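K.L.:
Got a structure for you, questions after.
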Amino acid sequence: MNIEKFQIAEFNNARQSDHQRSFEYTAEKIPNLNDILQKLQDFQVAIPSWALGTGGTRFGRFSGSGEPRNLEEKIADIGLLHALNKSSGAISLHIPWDIPENAAAIKALAAQHDIRFDAVNSNTFQDQPDQALSYKFGSLHHTDKAVRKQAIEHNIEVIRYGMELGSESLTVWLSDGSCFPGQLNFRGAFKRTLESLQEIYAALPDAWKLYIEYKAYEPNFYSTTIGDWGQSLLFASKLGPKAYTLVDLGHHLPNANIEQIVALLLMEGKLAGFHFNDSKYGDDDLTVGSINPYQLFLIFNELVEGMDARGMNHANDLGWMIDASHNVKDPLEDLLQSVEAIMIAYAQALLVDTKALQQAQLNNDAVAAQEILQHAFRTDVRPLVAQARLLSGGVADPVAFYRQFKVREQLIKERGLKTVATGL
Ligand code: PSV
Ligand code: MN
Ligand code: MN
């Protein structure tokens with residue numbers, strides 16, 4: 001289905017005076033308004049190809065309707081998101097869940113929707129039907145050289161797909177680890193993983209980056225070979241300047257201070273970017289901002305301050321991706337909410353009076369520091385985010401538009417009631 005320009009105009013016009021009033025109320029207090037609006041317009045969040053269908057758990061999956069049946073339809077879905085919010089102009093592919101058989105055609109289709117290809121993701125955490133050797137006991141860390149070789153070759157194949165599409169980074173997440181004490185020699189596993197990653201690193205084209213994602217536990221429940229940011233950073237440092245640490249917000253032990261991790265990785269020039277999601281208990285992969293929006297704001301506060309200090313470009317110098325999937329929401333509505341939550345946290349962070357905060361820190365004035373942060377956090381920046389979206393040609397309220405124009409119903413008409421998208 002296509003979203004027509006006149007539909008957007010009609011929808012926005014009906015909301016214009018309300019929006020204008022709230023925008024002006026917020027805007028008049030912001031000195032660098034145009035700069036903030038431009039930054040919001042430039043900021044794009046990649047949508048994972050695996051989040052467009054309803055997710056499941058090991059207890060079951062309740063598939064939605066009108067889900068995309070192939071990569072082309074996934075790109076069309078992201079095109080819909082991007083037409084509405086103008087902030088979803090990138091896709092992150094997981095291979096082999098989504099194989100771009102005809103890369104030129106896929107690339108052209110994405111370009112029609114103004115979508116570029118962000119990081120490509122390899123998958124050595126599942127066995128595929130035609131696969132010679134099993135990853136039951138790991139992949140890049142496996143004790144058997146032949147299994148490691150198979151996993152290395154898969155990663156190199158993923159790089160090749162990415163090159164055809166114009167991606168410039170490979171994300172490696174390993175489920176490698178152990179379930180029981182004694183099962184694995186930690187140092188042996190680390191060294192084997194490093195050797196495997198070195199071979200993958202050697203296959204990276206010049207402009208490419210290698211993103212090393214860590215995760216504390218699951219599916220292995222005693223140890224994970226890349227279990228935390230320290231281990232990931234160790235690999236990234238040993239590998240070289242093209243290797244970075246990727247932070248998935250759901251991959252920490254409970255109550256971890258993620259904003260502090262982010263600040264230090266940024267300081268070291270080793271932060272790859274993010275897999276955004278939210279969680280209450282573990283790797284819950286819930287909608288971004290649905291559980292702990294203050295944490296998300298604090299992360300963005302470190303990002304804005306740290307990136308500005310290093311002269312980095314907010315939009316381009318890190319990888320911004322969503323990694324979420326769950327059971328009960330329409331995935332497209334969920335992704336609209338996730339992107340909105342990211343834009344809100346980013347806008348709030350852009351409002352922080354960094355100089356005043358630094359002064360409060362120098363004075364050890366914890367009260368003033370909290371006032372400064374929470375003043376920004378409690379500002380209703382939704383009109384700013386909406387204004388940026390309108391300036392880019394998007395809609396005032398994406399979820400409301402999606403419902404009013406019955407987008408899912410249209411997709412069901414086109415694709416059918418019973419459709420299952422590939423992914424977890
Ligand atoms: C693992 O939990 C993970 O976060 C990795 O990024 C995978 O690629 C993705 O989820 C799969 O859904
Ligand atoms: Mn992830
Ligand atoms: Mn995860």
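Residues in the structure tokens are numbered from 1 in each chain, the chains being A, B, ... in the order shown, and ligands are numbered from 1 in the order shown.
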Applying 8 Å and only C-alpha atoms, which residues near range 370-375 of chain A remain after dropping the ones on its own chain fewer than 5 positions away? List them as a count of residues only.
P.N.:
4
K.L.:
Would you list the contacts of range 285-292 of chain A as a PyMOL selection string, taking every protein, DNA or RNA residue within 12 Å and counting only C-alpha atoms, but skipping same-chain residues closer than 2 positions in sequence?
P.N.:
chain A and resi 45+51+55-57+248-251+255+258+274-283+294-299+321-346+424
K.L.:
Keeping C-alpha atoms, export the residues of the selection given above as a PDB file, in the first residue's frame.
P.N.:
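Final file, selection.pdb:
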ATOM      1  CA  VAL A  45      17.129   4.790  13.307  1.00  0.00           C
ATOM      2  CA  ALA A  51      11.054  -7.045  13.942  1.00  0.00           C
ATOM      3  CA  GLY A  55       7.733 -12.130  17.871  1.00  0.00           C
ATOM      4  CA  GLY A  56       7.392 -15.199  19.966  1.00  0.00           C
ATOM      5  CA  THR A  57       8.955 -16.917  22.911  1.00  0.00           C
ATOM      6  CA  ASP A 248      22.203  -3.767  23.217  1.00  0.00           C
ATOM      7  CA  LEU A 249      20.237  -2.194  26.048  1.00  0.00           C
ATOM      8  CA  GLY A 250      18.743  -5.533  27.110  1.00  0.00           C
ATOM      9  CA  HIS A 251      22.016  -7.416  27.417  1.00  0.00           C
ATOM     10  CA  ASN A 255      20.484  -2.465  37.262  1.00  0.00           C
ATOM     11  CA  ILE A 258      24.478   1.510  31.015  1.00  0.00           C
ATOM     12  CA  PHE A 274      23.135   0.527  19.825  1.00  0.00           C
ATOM     13  CA  HIS A 275      20.486  -2.075  19.678  1.00  0.00           C
ATOM     14  CA  PHE A 276      17.656  -0.137  21.285  1.00  0.00           C
ATOM     15  CA  ASN A 277      14.921  -1.871  23.243  1.00  0.00           C
ATOM     16  CA  ASP A 278      13.667  -1.823  26.818  1.00  0.00           C
ATOM     17  CA  SER A 279      13.531  -4.422  29.540  1.00  0.00           C
ATOM     18  CA  LYS A 280      12.394  -5.043  33.047  1.00  0.00           C
ATOM     19  CA  TYR A 281      14.028  -8.397  33.716  1.00  0.00           C
ATOM     20  CA  GLY A 282      16.498  -9.476  31.041  1.00  0.00           C
ATOM     21  CA  ASP A 283      16.699  -9.439  27.265  1.00  0.00           C
ATOM     22  CA  TYR A 294      14.763   8.018  32.216  1.00  0.00           C
ATOM     23  CA  GLN A 295      17.594   5.565  31.607  1.00  0.00           C
ATOM     24  CA  LEU A 296      17.239   6.118  27.867  1.00  0.00           C
ATOM     25  CA  PHE A 297      17.461   9.877  28.418  1.00  0.00           C
ATOM     26  CA  LEU A 298      20.566   9.476  30.611  1.00  0.00           C
ATOM     27  CA  ILE A 299      22.185   7.385  27.876  1.00  0.00           C
ATOM     28  CA  MET A 321      19.351   0.334  15.456  1.00  0.00           C
ATOM     29  CA  ILE A 322      16.298  -1.120  17.128  1.00  0.00           C
ATOM     30  CA  ASP A 323      16.364  -4.725  18.285  1.00  0.00           C
ATOM     31  CA  ALA A 324      12.955  -5.641  19.620  1.00  0.00           C
ATOM     32  CA  SER A 325      10.264  -8.183  19.025  1.00  0.00           C
ATOM     33  CA  HIS A 326       7.364  -9.242  21.144  1.00  0.00           C
ATOM     34  CA  ASN A 327       4.059 -10.954  21.374  1.00  0.00           C
ATOM     35  CA  VAL A 328       1.125  -8.672  21.727  1.00  0.00           C
ATOM     36  CA  LYS A 329       1.476  -5.519  19.634  1.00  0.00           C
ATOM     37  CA  ASP A 330       1.143  -4.819  15.946  1.00  0.00           C
ATOM     38  CA  PRO A 331       4.861  -4.714  15.039  1.00  0.00           C
ATOM     39  CA  LEU A 332       4.518  -1.577  12.936  1.00  0.00           C
ATOM     40  CA  GLU A 333       2.737   0.344  15.681  1.00  0.00           C
ATOM     41  CA  ASP A 334       5.358  -0.894  18.100  1.00  0.00           C
ATOM     42  CA  LEU A 335       8.203   0.315  15.882  1.00  0.00           C
ATOM     43  CA  LEU A 336       6.560   3.724  15.513  1.00  0.00           C
ATOM     44  CA  GLN A 337       6.447   3.929  19.304  1.00  0.00           C
ATOM     45  CA  SER A 338      10.078   2.789  19.599  1.00  0.00           C
ATOM     46  CA  VAL A 339      11.391   5.353  17.135  1.00  0.00           C
ATOM     47  CA  GLU A 340       9.325   8.065  18.815  1.00  0.00           C
ATOM     48  CA  ALA A 341      10.786   7.138  22.215  1.00  0.00           C
ATOM     49  CA  ILE A 342      14.312   7.391  20.810  1.00  0.00           C
ATOM     50  CA  MET A 343      13.613  10.780  19.246  1.00  0.00           C
ATOM     51  CA  ILE A 344      12.099  12.041  22.501  1.00  0.00           C
ATOM     52  CA  ALA A 345      15.117  10.930  24.557  1.00  0.00           C
ATOM     53  CA  TYR A 346      17.464  12.472  21.995  1.00  0.00           C
ATOM     54  CA  LEU A 424      13.025 -15.272  15.779  1.00  0.00           C
TER      55      LEU A 424
END
K.L.:
Kindly indicate which residue among A:Gly230, A:Gly273, A:Pro293, A:Pro181 lies nearest to Met307 in chain A, using only C-alpha atoms for the distances.
P.N.:
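Among A:Gly230, A:Gly273, A:Pro293, A:Pro181, it is A:Gly273 that comes nearest to Met307 in chain A.
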K.L.:
Rounded to one decimal place, report the CA of Gln16 in chain A-CA of Leu391 in chain A distance in Å.
P.N.:
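Taking CA of Gln16 in chain A and CA of Leu391 in chain A, their separation equals 12.6 Å.
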K.L.:
Here is a test: counting only C-alpha atoms, which residue of A:Ala27, A:Ala103, A:Ala421, A:Leu40 is nearest to Arg389 in chain A?
P.N.:
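Among A:Ala27, A:Ala103, A:Ala421, A:Leu40, it is A:Leu40 that comes nearest to Arg389 in chain A.
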K.L.:
Restricting the calculation to only C-alpha atoms, which member of A:Lys39, A:Arg192, A:Arg61, A:Arg116 is positioned closest to Ser88 in chain A?
P.N.:
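Among A:Lys39, A:Arg192, A:Arg61, A:Arg116, it is A:Arg116 that comes nearest to Ser88 in chain A.
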K.L.:
Work out how far apart CA of Gln112 in chain A and CA of Glu414 in chain A are and give it in Å to one decimal.
P.N.:
19.7 Å
K.L.:
Using DSSP assignments from the backbone, pull out every residue in range 32-86 of chain A that falls under strand (DSSP E) and give it to me as a list in words.
P.N.:
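Those residues are Ala46, Ile47, Pro48, Gly56, Thr57, Gly60 and Arg61 of chain A.
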K.L.:
Counting only C-alpha atoms, what is within 8 Å of range 117-131 of chain A, bar same-chain residues fewer than 2 positions away, as a compact mmCIF listing (two decimals) with N, CA and C atoms, in the first residue's frame?
P.N.:
# COMPACT_ATOMS: atom_id res chain seq x y z
N ALA A 46 17.77 2.66 12.34
CA ALA A 46 17.57 1.49 11.47
C ALA A 46 16.56 0.52 12.09
N ALA A 90 16.46 3.43 7.37
CA ALA A 90 17.51 2.40 7.24
C ALA A 90 16.97 1.06 7.70
N ILE A 91 17.56 0.01 7.14
CA ILE A 91 17.18 -1.36 7.50
C ILE A 91 18.43 -2.14 7.88
N SER A 92 18.29 -2.99 8.89
CA SER A 92 19.40 -3.86 9.29
C SER A 92 18.97 -5.31 9.01
N LEU A 93 19.73 -5.98 8.16
CA LEU A 93 19.34 -7.34 7.74
C LEU A 93 20.00 -8.42 8.60
N HIS A 94 19.25 -9.46 8.88
CA HIS A 94 19.77 -10.63 9.59
C HIS A 94 19.83 -11.78 8.59
N ILE A 95 21.03 -12.32 8.41
CA ILE A 95 21.20 -13.37 7.40
C ILE A 95 21.54 -14.69 8.07
N PRO A 96 20.86 -15.79 7.77
CA PRO A 96 20.03 -16.01 6.59
C PRO A 96 18.52 -15.81 6.78
N ILE A 115 15.48 4.32 1.74
CA ILE A 115 15.99 3.50 2.83
C ILE A 115 17.38 2.99 2.47
N LEU A 133 27.71 -28.68 9.90
CA LEU A 133 28.12 -28.91 11.29
C LEU A 133 27.25 -28.09 12.24
N SER A 134 27.08 -28.60 13.47
CA SER A 134 26.15 -27.96 14.39
C SER A 134 26.81 -26.92 15.31
N TYR A 135 26.02 -25.88 15.64
CA TYR A 135 26.49 -24.85 16.58
C TYR A 135 26.01 -25.13 18.01
N LYS A 136 25.62 -26.36 18.27
CA LYS A 136 25.10 -26.68 19.60
C LYS A 136 26.08 -26.25 20.70
N GLY A 138 28.52 -23.98 20.30
CA GLY A 138 29.16 -22.72 19.95
C GLY A 138 29.60 -22.66 18.51
N SER A 139 30.11 -21.48 18.14
CA SER A 139 30.49 -21.26 16.74
C SER A 139 31.93 -20.76 16.66
N ALA A 151 31.66 -21.19 10.65
CA ALA A 151 31.08 -19.94 11.18
C ALA A 151 31.81 -18.71 10.62
N HIS A 154 30.61 -18.19 7.12
CA HIS A 154 29.27 -17.58 7.10
C HIS A 154 29.38 -16.06 7.27
N ASN A 155 30.21 -15.64 8.24
CA ASN A 155 30.37 -14.19 8.47
C ASN A 155 30.91 -13.49 7.22
N VAL A 158 28.23 -13.05 4.80
CA VAL A 158 27.34 -11.95 5.19
C VAL A 158 27.96 -10.61 4.79
N ILE A 159 29.26 -10.48 4.96
CA ILE A 159 29.95 -9.26 4.51
C ILE A 159 29.71 -9.07 3.02
N GLY A 162 26.37 -7.78 2.34
CA GLY A 162 26.33 -6.38 2.77
C GLY A 162 26.99 -5.45 1.76
N LEU A 165 24.84 -4.51 -1.02
CA LEU A 165 23.71 -3.64 -0.68
C LEU A 165 24.14 -2.24 -0.26
N GLY A 166 25.43 -2.08 0.02
CA GLY A 166 25.91 -0.77 0.48
C GLY A 166 25.98 -0.65 1.99
N SER A 167 25.89 -1.77 2.70
CA SER A 167 26.12 -1.74 4.16
C SER A 167 27.59 -1.44 4.39
N GLU A 168 27.89 -0.96 5.59
CA GLU A 168 29.29 -0.71 5.90
C GLU A 168 29.68 -1.23 7.27
N SER A 169 28.88 -2.14 7.80
CA SER A 169 29.26 -2.73 9.09
C SER A 169 28.63 -4.12 9.24
N LEU A 170 29.37 -4.93 9.98
CA LEU A 170 28.90 -6.29 10.30
C LEU A 170 28.72 -6.37 11.81
N THR A 171 27.52 -6.80 12.24
CA THR A 171 27.32 -7.02 13.67
C THR A 171 27.43 -8.50 13.96
N VAL A 172 28.32 -8.83 14.89
CA VAL A 172 28.46 -10.23 15.30
C VAL A 172 27.93 -10.36 16.71
N TRP A 173 26.88 -11.15 16.85
CA TRP A 173 26.44 -11.55 18.18
C TRP A 173 26.57 -13.07 18.25
N LEU A 174 27.26 -13.53 19.28
CA LEU A 174 27.45 -14.97 19.46
C LEU A 174 26.65 -15.44 20.66
N SER A 175 26.04 -16.59 20.51
CA SER A 175 25.41 -17.18 21.70
C SER A 175 26.42 -18.09 22.40
N ASP A 176 27.63 -18.18 21.87
CA ASP A 176 28.65 -19.08 22.41
C ASP A 176 28.84 -18.87 23.92
N GLY A 319 26.16 3.60 15.06
CA GLY A 319 25.07 2.81 14.49
C GLY A 319 23.84 2.87 15.41
